[in-house]
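Q: Just so it is clear, I am handing over final-v2.txt, which has compact mmCIF, C-alpha atoms and all ligand atoms.
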```txt
# COMPACT_ATOMS: atom_id res chain seq x y z
CA MET A 176 -24.85 -15.40 51.65
CA ASN A 177 -24.54 -19.19 52.06
CA ASN A 178 -21.15 -19.97 53.68
CA LYS A 179 -21.12 -23.50 52.23
CA GLU A 180 -21.23 -22.11 48.71
CA PHE A 181 -18.02 -21.29 46.86
CA GLN A 182 -18.33 -17.53 46.40
CA ILE A 183 -16.91 -15.81 43.34
CA VAL A 184 -17.22 -12.05 42.76
CA VAL A 185 -16.52 -10.32 39.44
CA LEU A 186 -15.83 -6.58 39.48
CA ALA A 187 -17.17 -5.25 36.19
CA LYS A 188 -17.31 -1.70 34.89
CA GLN A 189 -19.56 -0.18 32.26
CA VAL A 190 -17.37 2.06 30.11
CA PRO A 191 -17.82 4.44 27.15
CA ASP A 192 -16.97 2.64 23.90
CA THR A 193 -13.71 4.44 23.19
CA HIS A 194 -13.21 2.39 20.01
CA ASN A 195 -16.19 4.08 18.37
CA VAL A 196 -15.26 7.68 18.90
CA GLY A 197 -17.28 10.15 16.81
CA LYS A 198 -16.85 13.91 16.54
CA ASP A 199 -19.00 14.58 19.66
CA ALA A 200 -16.90 12.30 21.85
CA MET A 201 -14.82 15.05 23.39
CA LYS A 202 -16.14 18.14 25.16
CA GLU A 203 -14.53 21.52 24.55
CA ASP A 204 -12.53 21.24 27.76
CA GLY A 205 -11.03 17.95 26.54
CA THR A 206 -12.99 15.66 28.90
CA ILE A 207 -14.96 12.65 27.65
CA ASN A 208 -18.54 13.37 26.64
CA ARG A 209 -19.94 10.14 28.10
CA ALA A 210 -23.45 10.89 26.82
CA ALA A 211 -22.21 10.79 23.19
CA LEU A 212 -20.57 7.38 23.43
CA PRO A 213 -22.38 4.03 23.69
CA ALA A 214 -21.80 2.28 27.03
CA ILE A 215 -20.28 -1.19 26.85
CA PHE A 216 -19.02 -3.97 29.13
CA ASN A 217 -15.34 -3.24 29.78
CA PRO A 218 -13.54 -5.80 27.52
CA ASP A 219 -11.12 -7.14 30.19
CA ASP A 220 -14.05 -7.58 32.58
CA LEU A 221 -15.82 -9.88 30.09
CA LYS A 222 -12.65 -12.00 30.15
CA ALA A 223 -12.71 -11.92 33.97
CA LEU A 224 -16.34 -13.10 33.81
CA GLU A 225 -15.29 -16.00 31.56
CA MET A 226 -12.58 -17.07 34.03
CA ALA A 227 -15.13 -16.91 36.86
CA LEU A 228 -17.61 -19.02 34.86
CA ALA A 229 -14.84 -21.51 33.98
CA CYS A 230 -14.16 -21.89 37.75
CA LYS A 231 -17.88 -22.42 38.29
CA ASP A 232 -17.95 -25.12 35.57
CA ALA A 233 -14.96 -26.89 37.14
CA LEU A 234 -16.30 -26.80 40.72
CA LYS A 235 -20.06 -27.10 40.40
CA ASP A 236 -20.11 -30.91 40.57
CA ILE A 237 -18.31 -30.92 43.93
CA MET A 238 -20.03 -27.97 45.63
CA PRO A 239 -22.51 -25.17 45.00
CA VAL A 240 -20.86 -22.16 43.33
CA LYS A 241 -22.20 -18.62 43.04
CA VAL A 242 -20.92 -15.92 40.68
CA THR A 243 -21.89 -12.40 41.77
CA ILE A 244 -21.19 -9.23 39.75
CA ILE A 245 -20.43 -5.92 41.48
CA THR A 246 -20.42 -2.75 39.42
CA MET A 247 -20.04 0.81 40.64
CA GLY A 248 -21.56 3.44 38.38
CA PRO A 249 -24.85 5.01 37.35
CA SER A 250 -28.05 2.96 37.61
CA ARG A 251 -27.86 2.03 33.89
CA ALA A 252 -24.82 -0.15 34.78
CA ALA A 253 -27.46 -2.79 35.69
CA GLU A 254 -27.25 -3.59 31.94
CA ILE A 255 -23.91 -5.35 32.40
CA ILE A 256 -25.28 -7.40 35.30
CA ARG A 257 -28.14 -8.59 33.09
CA GLU A 258 -25.64 -9.34 30.32
CA SER A 259 -23.56 -11.39 32.80
CA MET A 260 -26.66 -13.33 33.87
CA PHE A 261 -27.34 -14.20 30.21
CA ARG A 262 -23.87 -15.79 30.16
CA GLY A 263 -24.02 -17.68 33.47
CA ALA A 264 -23.60 -15.28 36.44
CA ASP A 265 -26.08 -15.76 39.28
CA ASN A 266 -26.76 -12.21 40.44
CA GLY A 267 -25.27 -8.76 40.85
CA PHE A 268 -25.26 -5.46 42.71
CA VAL A 269 -25.09 -1.93 41.32
CA VAL A 270 -23.24 0.32 43.76
CA SER A 271 -24.52 3.78 42.92
CA ASP A 272 -24.65 7.10 44.74
CA ARG A 273 -23.94 10.78 43.98
CA ARG A 274 -21.55 10.64 46.96
CA PHE A 275 -19.19 8.49 44.82
CA ALA A 276 -18.87 11.28 42.18
CA GLY A 277 -15.31 12.44 41.53
CA SER A 278 -13.79 9.19 42.82
CA ASP A 279 -10.21 8.50 41.75
CA THR A 280 -8.86 4.93 41.81
CA LEU A 281 -8.24 5.05 45.58
CA ALA A 282 -11.83 6.04 46.38
CA THR A 283 -13.21 3.65 43.72
CA SER A 284 -11.29 0.68 45.13
CA TYR A 285 -12.31 1.66 48.67
CA ALA A 286 -16.02 1.66 47.73
CA LEU A 287 -15.69 -1.62 45.79
CA SER A 288 -13.84 -3.33 48.65
CA ALA A 289 -16.52 -2.18 51.11
CA ALA A 290 -19.16 -3.69 48.79
CA VAL A 291 -17.25 -6.99 48.54
CA LYS A 292 -16.92 -7.09 52.37
CA LYS A 293 -20.68 -6.65 52.69
CA LEU A 294 -21.16 -9.97 50.85
CA GLY A 295 -19.38 -11.87 53.67
CA LYS A 296 -17.14 -14.87 52.94
CA ILE A 297 -15.58 -14.64 49.46
CA ASP A 298 -13.27 -17.20 47.83
CA ILE A 299 -12.20 -15.46 44.60
CA VAL A 300 -12.58 -11.88 43.40
CA PHE A 301 -11.95 -11.46 39.67
CA SER A 302 -11.41 -8.09 38.02
CA GLY A 303 -10.22 -7.01 34.62
CA ARG A 304 -6.61 -5.90 34.38
CA GLN A 305 -7.62 -2.50 33.05
CA ALA A 306 -10.65 -0.38 32.18
CA ILE A 307 -10.55 1.19 28.69
CA ASP A 308 -11.64 4.64 29.93
CA GLY A 309 -9.58 5.25 33.09
CA ASP A 310 -6.85 2.87 31.90
CA THR A 311 -4.86 2.84 35.14
CA ALA A 312 -4.96 -0.91 36.02
CA GLN A 313 -4.84 0.16 39.67
CA VAL A 314 -8.30 -0.76 40.92
CA GLY A 315 -7.90 -4.58 41.09
CA PRO A 316 -4.63 -4.53 43.09
CA GLN A 317 -5.95 -1.76 45.36
CA VAL A 318 -9.10 -3.78 46.15
CA ALA A 319 -6.90 -6.77 47.10
CA GLU A 320 -4.85 -4.54 49.43
CA LYS A 321 -7.98 -3.19 51.10
CA LEU A 322 -9.45 -6.69 51.52
CA GLU A 323 -6.03 -7.82 52.84
CA ILE A 324 -5.97 -10.83 50.51
CA PRO A 325 -3.25 -12.05 48.09
CA GLN A 326 -3.48 -11.09 44.44
CA ILE A 327 -2.52 -12.66 41.12
CA THR A 328 -2.26 -10.01 38.43
CA TYR A 329 -2.14 -10.36 34.61
CA ALA A 330 -3.91 -13.76 34.63
CA GLU A 331 -3.99 -15.20 31.12
CA ASP A 332 -5.23 -18.74 31.69
CA LEU A 333 -6.92 -20.79 34.36
CA LEU A 334 -4.85 -23.99 34.49
CA TYR A 335 -6.55 -25.72 37.43
CA VAL A 336 -9.02 -25.01 40.20
CA ALA A 337 -10.18 -27.16 43.11
CA GLU A 338 -12.00 -26.43 46.37
CA ASP A 339 -8.78 -25.35 48.10
CA GLU A 340 -6.42 -24.09 45.38
CA ILE A 341 -6.15 -22.39 42.02
CA VAL A 342 -3.34 -22.46 39.43
CA ILE A 343 -3.08 -19.51 37.07
CA LYS A 344 -0.81 -18.71 34.13
CA ARG A 345 0.30 -15.04 34.26
CA ARG A 346 1.36 -13.02 31.20
CA LEU A 347 4.59 -11.12 31.87
CA GLU A 348 6.46 -8.74 29.60
CA ARG A 349 9.00 -11.39 28.57
CA GLY A 350 7.31 -14.72 29.18
CA VAL A 351 4.80 -16.42 31.42
CA GLU A 352 4.71 -17.45 35.07
CA THR A 353 2.59 -20.16 36.72
CA VAL A 354 1.25 -19.35 40.19
CA LYS A 355 -0.56 -21.60 42.68
CA THR A 356 -2.41 -20.26 45.71
CA GLY A 357 -5.23 -21.00 48.13
CA PHE A 358 -8.30 -18.86 48.86
CA PRO A 359 -9.27 -16.09 49.26
CA VAL A 360 -7.49 -14.45 46.34
CA LEU A 361 -8.05 -11.58 43.92
CA VAL A 362 -7.20 -12.23 40.26
CA THR A 363 -6.85 -9.49 37.63
CA VAL A 364 -7.47 -10.87 34.14
CA HIS A 365 -5.36 -9.88 31.13
CA GLY A 366 -6.82 -9.00 27.72
CA ASN A 367 -5.11 -12.11 26.23
CA ALA A 368 -7.29 -14.44 28.31
CA ASN A 369 -10.13 -16.46 26.75
CA ASP A 370 -13.04 -14.54 25.26
CA CYS A 371 -16.27 -14.71 27.20
CA ARG A 372 -18.76 -17.34 26.14
CA PRO A 373 -21.81 -15.98 24.27
CA ARG A 374 -25.25 -15.53 25.80
CA HIS A 375 -26.96 -18.84 26.55
CA ALA A 376 -30.44 -19.02 24.96
CA LYS A 377 -32.05 -20.60 28.05
CA LEU A 378 -30.41 -18.14 30.45
CA LEU A 379 -31.52 -15.28 28.21
CA MET A 380 -35.15 -16.43 28.44
CA THR A 381 -34.90 -17.02 32.22
CA ASN A 382 -33.26 -13.69 33.05
CA LYS A 383 -34.55 -11.29 30.39
CA LYS A 384 -36.86 -9.55 32.91
CA ALA A 385 -34.09 -9.05 35.49
CA CYS A 386 -33.94 -5.37 36.44
CA SER A 387 -33.41 -2.89 39.25
CA VAL A 388 -35.87 -0.54 40.96
CA SER A 389 -34.26 2.45 39.17
CA GLU A 390 -34.82 0.78 35.80
CA VAL A 391 -38.50 0.11 36.60
CA LEU A 392 -38.94 3.79 37.53
CA GLU A 393 -37.05 4.99 34.45
CA ARG A 394 -39.11 2.81 32.10
CA GLN A 395 -42.28 3.90 33.92
CA GLN A 396 -43.29 0.25 34.38
CA SER A 397 -45.76 -0.79 37.07
CA MET A 398 -43.82 -1.20 40.34
CA GLU A 399 -46.68 -3.36 41.68
CA ASP A 400 -46.30 -5.86 38.82
CA MET A 401 -42.54 -5.99 39.29
CA GLU A 402 -42.84 -6.47 43.08
CA ALA A 403 -45.17 -9.42 42.38
CA LEU A 404 -42.67 -10.91 39.92
CA TRP A 405 -39.73 -10.39 42.33
CA ALA A 406 -41.72 -12.09 45.13
CA LYS A 407 -42.06 -15.18 42.90
CA LYS A 408 -38.58 -14.98 41.31
CA PRO A 409 -36.22 -13.04 43.64
CA PHE A 410 -33.23 -13.68 41.34
CA LEU A 411 -34.78 -11.26 38.82
CA LYS A 412 -34.23 -8.29 41.15
CA ILE A 413 -30.90 -6.55 40.49
CA GLU A 414 -30.12 -5.01 43.86
CA GLU A 415 -28.85 -1.45 44.19
CA TRP A 416 -26.66 -0.34 47.07
CA ASN A 417 -26.10 3.28 47.96
CA ALA A 418 -23.21 4.63 50.04
CA ASP A 419 -25.00 3.97 53.36
CA ASP A 420 -25.52 0.31 52.41
CA ILE A 421 -21.79 -0.46 52.23
CA ASN A 422 -21.00 0.97 55.72
CA PRO A 423 -18.13 3.18 54.57
CA ASP A 424 -15.94 5.77 56.21
CA PHE A 425 -17.53 8.67 54.27
CA GLU A 426 -14.25 10.61 54.33
CA ARG A 427 -12.82 7.96 51.98
CA LEU A 428 -15.55 8.28 49.30
CA GLY A 429 -15.87 10.50 46.22
CA LEU A 430 -13.89 13.72 45.86
CA THR A 431 -13.06 13.89 49.60
CA GLY A 432 -11.46 10.45 49.44
CA SER A 433 -9.58 11.19 46.18
CA PRO A 434 -6.05 12.58 46.56
CA THR A 435 -5.55 12.71 42.75
CA LYS A 436 -5.85 16.27 41.49
CA VAL A 437 -6.14 16.73 37.71
CA LYS A 438 -4.01 19.80 36.89
CA SER A 439 -5.02 20.17 33.27
CA ILE A 440 -6.45 18.12 30.44
CA GLU A 441 -4.99 18.45 26.97
CA ASN A 442 -6.62 17.38 23.72
CA VAL A 443 -3.69 16.05 21.68
CA VAL A 444 -4.27 16.10 17.92
CA LEU A 445 -1.37 14.74 15.88
CA THR A 446 -0.62 16.88 12.86
CA SER A 447 1.40 16.22 9.74
CA LYS A 448 4.23 18.29 11.31
CA GLU A 449 4.86 15.30 13.59
CA ASN A 450 5.44 12.99 10.61
CA LYS A 451 8.91 12.58 9.27
CA LYS A 452 9.87 10.84 6.04
CA ILE A 453 13.25 9.16 5.90
CA ASN A 454 15.04 7.15 3.26
CA ASN A 455 15.67 3.49 3.78
CA SER A 456 19.35 4.02 4.54
CA GLU A 457 21.27 2.91 7.63
CA SER A 458 22.52 6.42 8.42
CA GLU A 459 19.02 7.98 8.31
CA ILE A 460 17.55 5.17 10.42
CA ASN A 461 20.36 5.63 12.98
CA GLU A 462 19.73 9.37 13.03
CA LEU A 463 16.01 8.81 13.64
CA MET A 464 16.73 6.31 16.43
CA LYS A 465 19.00 8.88 18.14
CA GLU A 466 16.26 11.53 17.90
CA LEU A 467 13.64 9.19 19.36
CA VAL A 468 15.92 8.19 22.25
CA SER A 469 16.92 11.75 23.07
CA ALA A 470 13.24 12.82 23.03
CA HIS A 471 12.50 9.91 25.45
CA ILE A 472 10.00 8.46 22.98
CA ILE A 473 11.70 5.06 23.07
C1 LIG B 1 -9.69 13.28 40.29
C2 LIG B 1 -10.50 12.26 39.55
C3 LIG B 1 -11.85 12.40 39.47
C4 LIG B 1 -12.60 11.46 38.78
N1 LIG B 1 -13.93 11.61 38.74
C5 LIG B 1 -14.69 10.73 38.09
C6 LIG B 1 -16.11 10.90 38.02
O1 LIG B 1 -16.67 11.85 38.56
N2 LIG B 1 -16.83 9.96 37.34
C7 LIG B 1 -16.21 8.90 36.72
O2 LIG B 1 -16.90 8.07 36.10
N3 LIG B 1 -14.88 8.71 36.80
C8 LIG B 1 -14.10 9.60 37.45
N4 LIG B 1 -12.77 9.43 37.49
C9 LIG B 1 -12.20 8.24 36.88
C10 LIG B 1 -12.18 7.14 37.92
O3 LIG B 1 -11.25 7.41 38.90
C11 LIG B 1 -11.75 5.83 37.32
O4 LIG B 1 -12.55 5.56 36.20
C12 LIG B 1 -11.96 4.71 38.32
O5 LIG B 1 -11.26 4.98 39.50
C13 LIG B 1 -11.47 3.37 37.83
O6 LIG B 1 -10.14 3.48 37.41
P1 LIG B 1 -9.77 2.89 36.01
O7 LIG B 1 -10.86 3.22 35.07
O8 LIG B 1 -8.39 3.33 35.71
O9 LIG B 1 -9.84 1.34 36.30
P2 LIG B 1 -8.71 0.24 36.19
O10 LIG B 1 -7.88 0.27 37.41
O11 LIG B 1 -8.04 0.31 34.87
O12 LIG B 1 -9.69 -1.01 36.26
C14 LIG B 1 -9.24 -2.32 36.58
C15 LIG B 1 -10.42 -3.17 36.88
O13 LIG B 1 -11.03 -2.75 38.10
C16 LIG B 1 -12.43 -2.99 38.03
N5 LIG B 1 -13.15 -1.70 38.13
C17 LIG B 1 -12.67 -0.46 37.92
N6 LIG B 1 -13.64 0.45 38.11
C18 LIG B 1 -14.75 -0.25 38.44
C19 LIG B 1 -16.09 0.12 38.74
N7 LIG B 1 -16.51 1.40 38.73
N8 LIG B 1 -16.98 -0.86 39.04
C20 LIG B 1 -16.59 -2.17 39.06
N9 LIG B 1 -15.34 -2.57 38.76
C21 LIG B 1 -14.44 -1.62 38.46
C22 LIG B 1 -12.71 -3.63 36.68
O14 LIG B 1 -12.66 -5.01 36.83
C23 LIG B 1 -11.53 -3.13 35.84
O15 LIG B 1 -11.22 -3.97 34.74
C24 LIG B 1 -11.98 10.34 38.15
C25 LIG B 1 -10.60 10.22 38.23
C26 LIG B 1 -9.86 11.16 38.89
C27 LIG B 1 -8.39 11.00 38.92
```
The structure in this file should be written as structure tokens.
Ligand SMILES: Cc1cc2nc3c(=O)[nH]c(=O)nc-3n(C[C@H](O)[C@H](O)[C@H](O)COP(=O)(O)OP(=O)(O)OC[C@H]3O[C@@H](n4cnc5c(N)ncnc54)[C@H](O)[C@@H]3O)c2cc1C
A:
Amino acid sequence: MNNKEFQIVVLAKQVPDTHNVGKDAMKEDGTINRAALPAIFNPDDLKALEMALACKDALKDIMPVKVTIITMGPSRAAEIIRESMFRGADNGFVVSDRRFAGSDTLATSYALSAAVKKLGKIDIVFSGRQAIDGDTAQVGPQVAEKLEIPQITYAEDLLYVAEDEIVIKRRLERGVETVKTGFPVLVTVHGNANDCRPRHAKLLMTNKKACSVSEVLERQQSMEDMEALWAKKPFLKIEEWNADDINPDFERLGLTGSPTKVKSIENVVLTSKENKKINNSESEINELMKELVSAHII
């Protein structure tokens, strides 16, 4: 990596589209049937990509800027790297290995931080606030801890960025906060932030053949032809890193590195029994409020 370039990393996750849940979406044991749901770009991560591209727009006239995507998941997650390149990202890495299976947020953030470290000098790491499948909002802050860099969470707007500082508006429960810091920093981007720009027609044409070795093998394309293309246009190769490539402590990966133990999974189906009709009278509303408070619902 070129140390004179301003280096931005976006952590992006490919997730099952939980908004389009059909009847096959849940297995009998209550776990997600990932094969039955279309895979999409995690919505908050698209917003993180937009903030990264906005930084690139603001800085590119004063210095070279590179936006790199890192995604950990199966080899098909290369799709979201290609999608990012259509919108303005420069390149990306798929971090993929069976040894990551069973990772909880601690092991996931450990693997992601090891991948970020492998890139060398980094100025800003952007992540989404939350992934729509795991939904914990833990991974961004944990990556910052492991990289030992400051973090700005819940970023809603990029107010200013220059070569040595960034000013971010944060969304809090009861208002907003403006934070200024230098680099390096990790920023987790809130769902209220700007939508990502659409695909750019020229970037789509330039990058449409971008793919990884696994994708070439899966599509049964000629590896020789692709090697020839990558030799001429190296940016079209989406690199894949396995566990060995990120120099990890193997004890901290996958199930071994995951202290979270899932005790049981319950499939909650709300039934009409849980509905209650009340009249629009003060006494009945007060009664309902008392019930909700005593049941710790509100
Ligand atoms: C015991 C246990 C076992 C599990 N086993 C598996 C398993 O085998 N397979 C599986 O798919 N999941 C598994 N999970 C779920 C997995 O832990 C979470 O999906 C993962 O840690 C990310 O957490 P999250 O989805 O809550 O992300 P959040 O913390 O909500 O995500 C915040 C942000 O972090 C970044 N981010 C998160 N994950 C990634 C990623 N993979 N790549 C790039 N950026 C990312 C994104 O920017 C995202 O917006 C398991 C969980 C537990 C508790």
Q: Grab all the atoms of stretch 216-232 of chain A that the file lists, wrap them in a box along x, y and z, add 3 Å per side, and give me centre plus edge lengths in Å (one decimal) as AutoDock Vina command-line options.
A:
```
--center_x -15.1 --center_y -14.2 --center_z 32.9 --size_x 13.9 --size_y 27.9 --size_z 16.8
```
Q: Please, what distance in Å, to one decimal, runs between atom CA of A:Thr311 and atom CA of A:Lys241?
A: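 For atom CA of A:Thr311 relative to atom CA of A:Lys241, the distance reads 28.7 Å.
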Q: Using all atoms listed in the file, which protein or nucleic acid residues are at most 8 Å from ligand LIG 1 (chain B), as a VMD selection string?
A: chain A and resid 185 to 189 217 to 220 223 245 to 248 270 275 to 284 287 301 to 315 363 to 364 429 to 430 433 to 437
Q: Go ahead and find all residues with at least one atom no further than 12 Å from (-9.6, -9.9, 53.1) in the file's coordinates, using all atoms listed in the file; report them as a VMD selection string.
A: chain A and resid 288 to 289 291 to 300 317 to 326 358 to 361
Q: Neighbours of A:Leu228 within 10 Å (only C-alpha atoms; same-chain residues fewer than 2 positions away dropped), as a PyMOL selection string?
A: chain A and resi 183+185+222-226+230-234+240-242+259+262-264+371-372
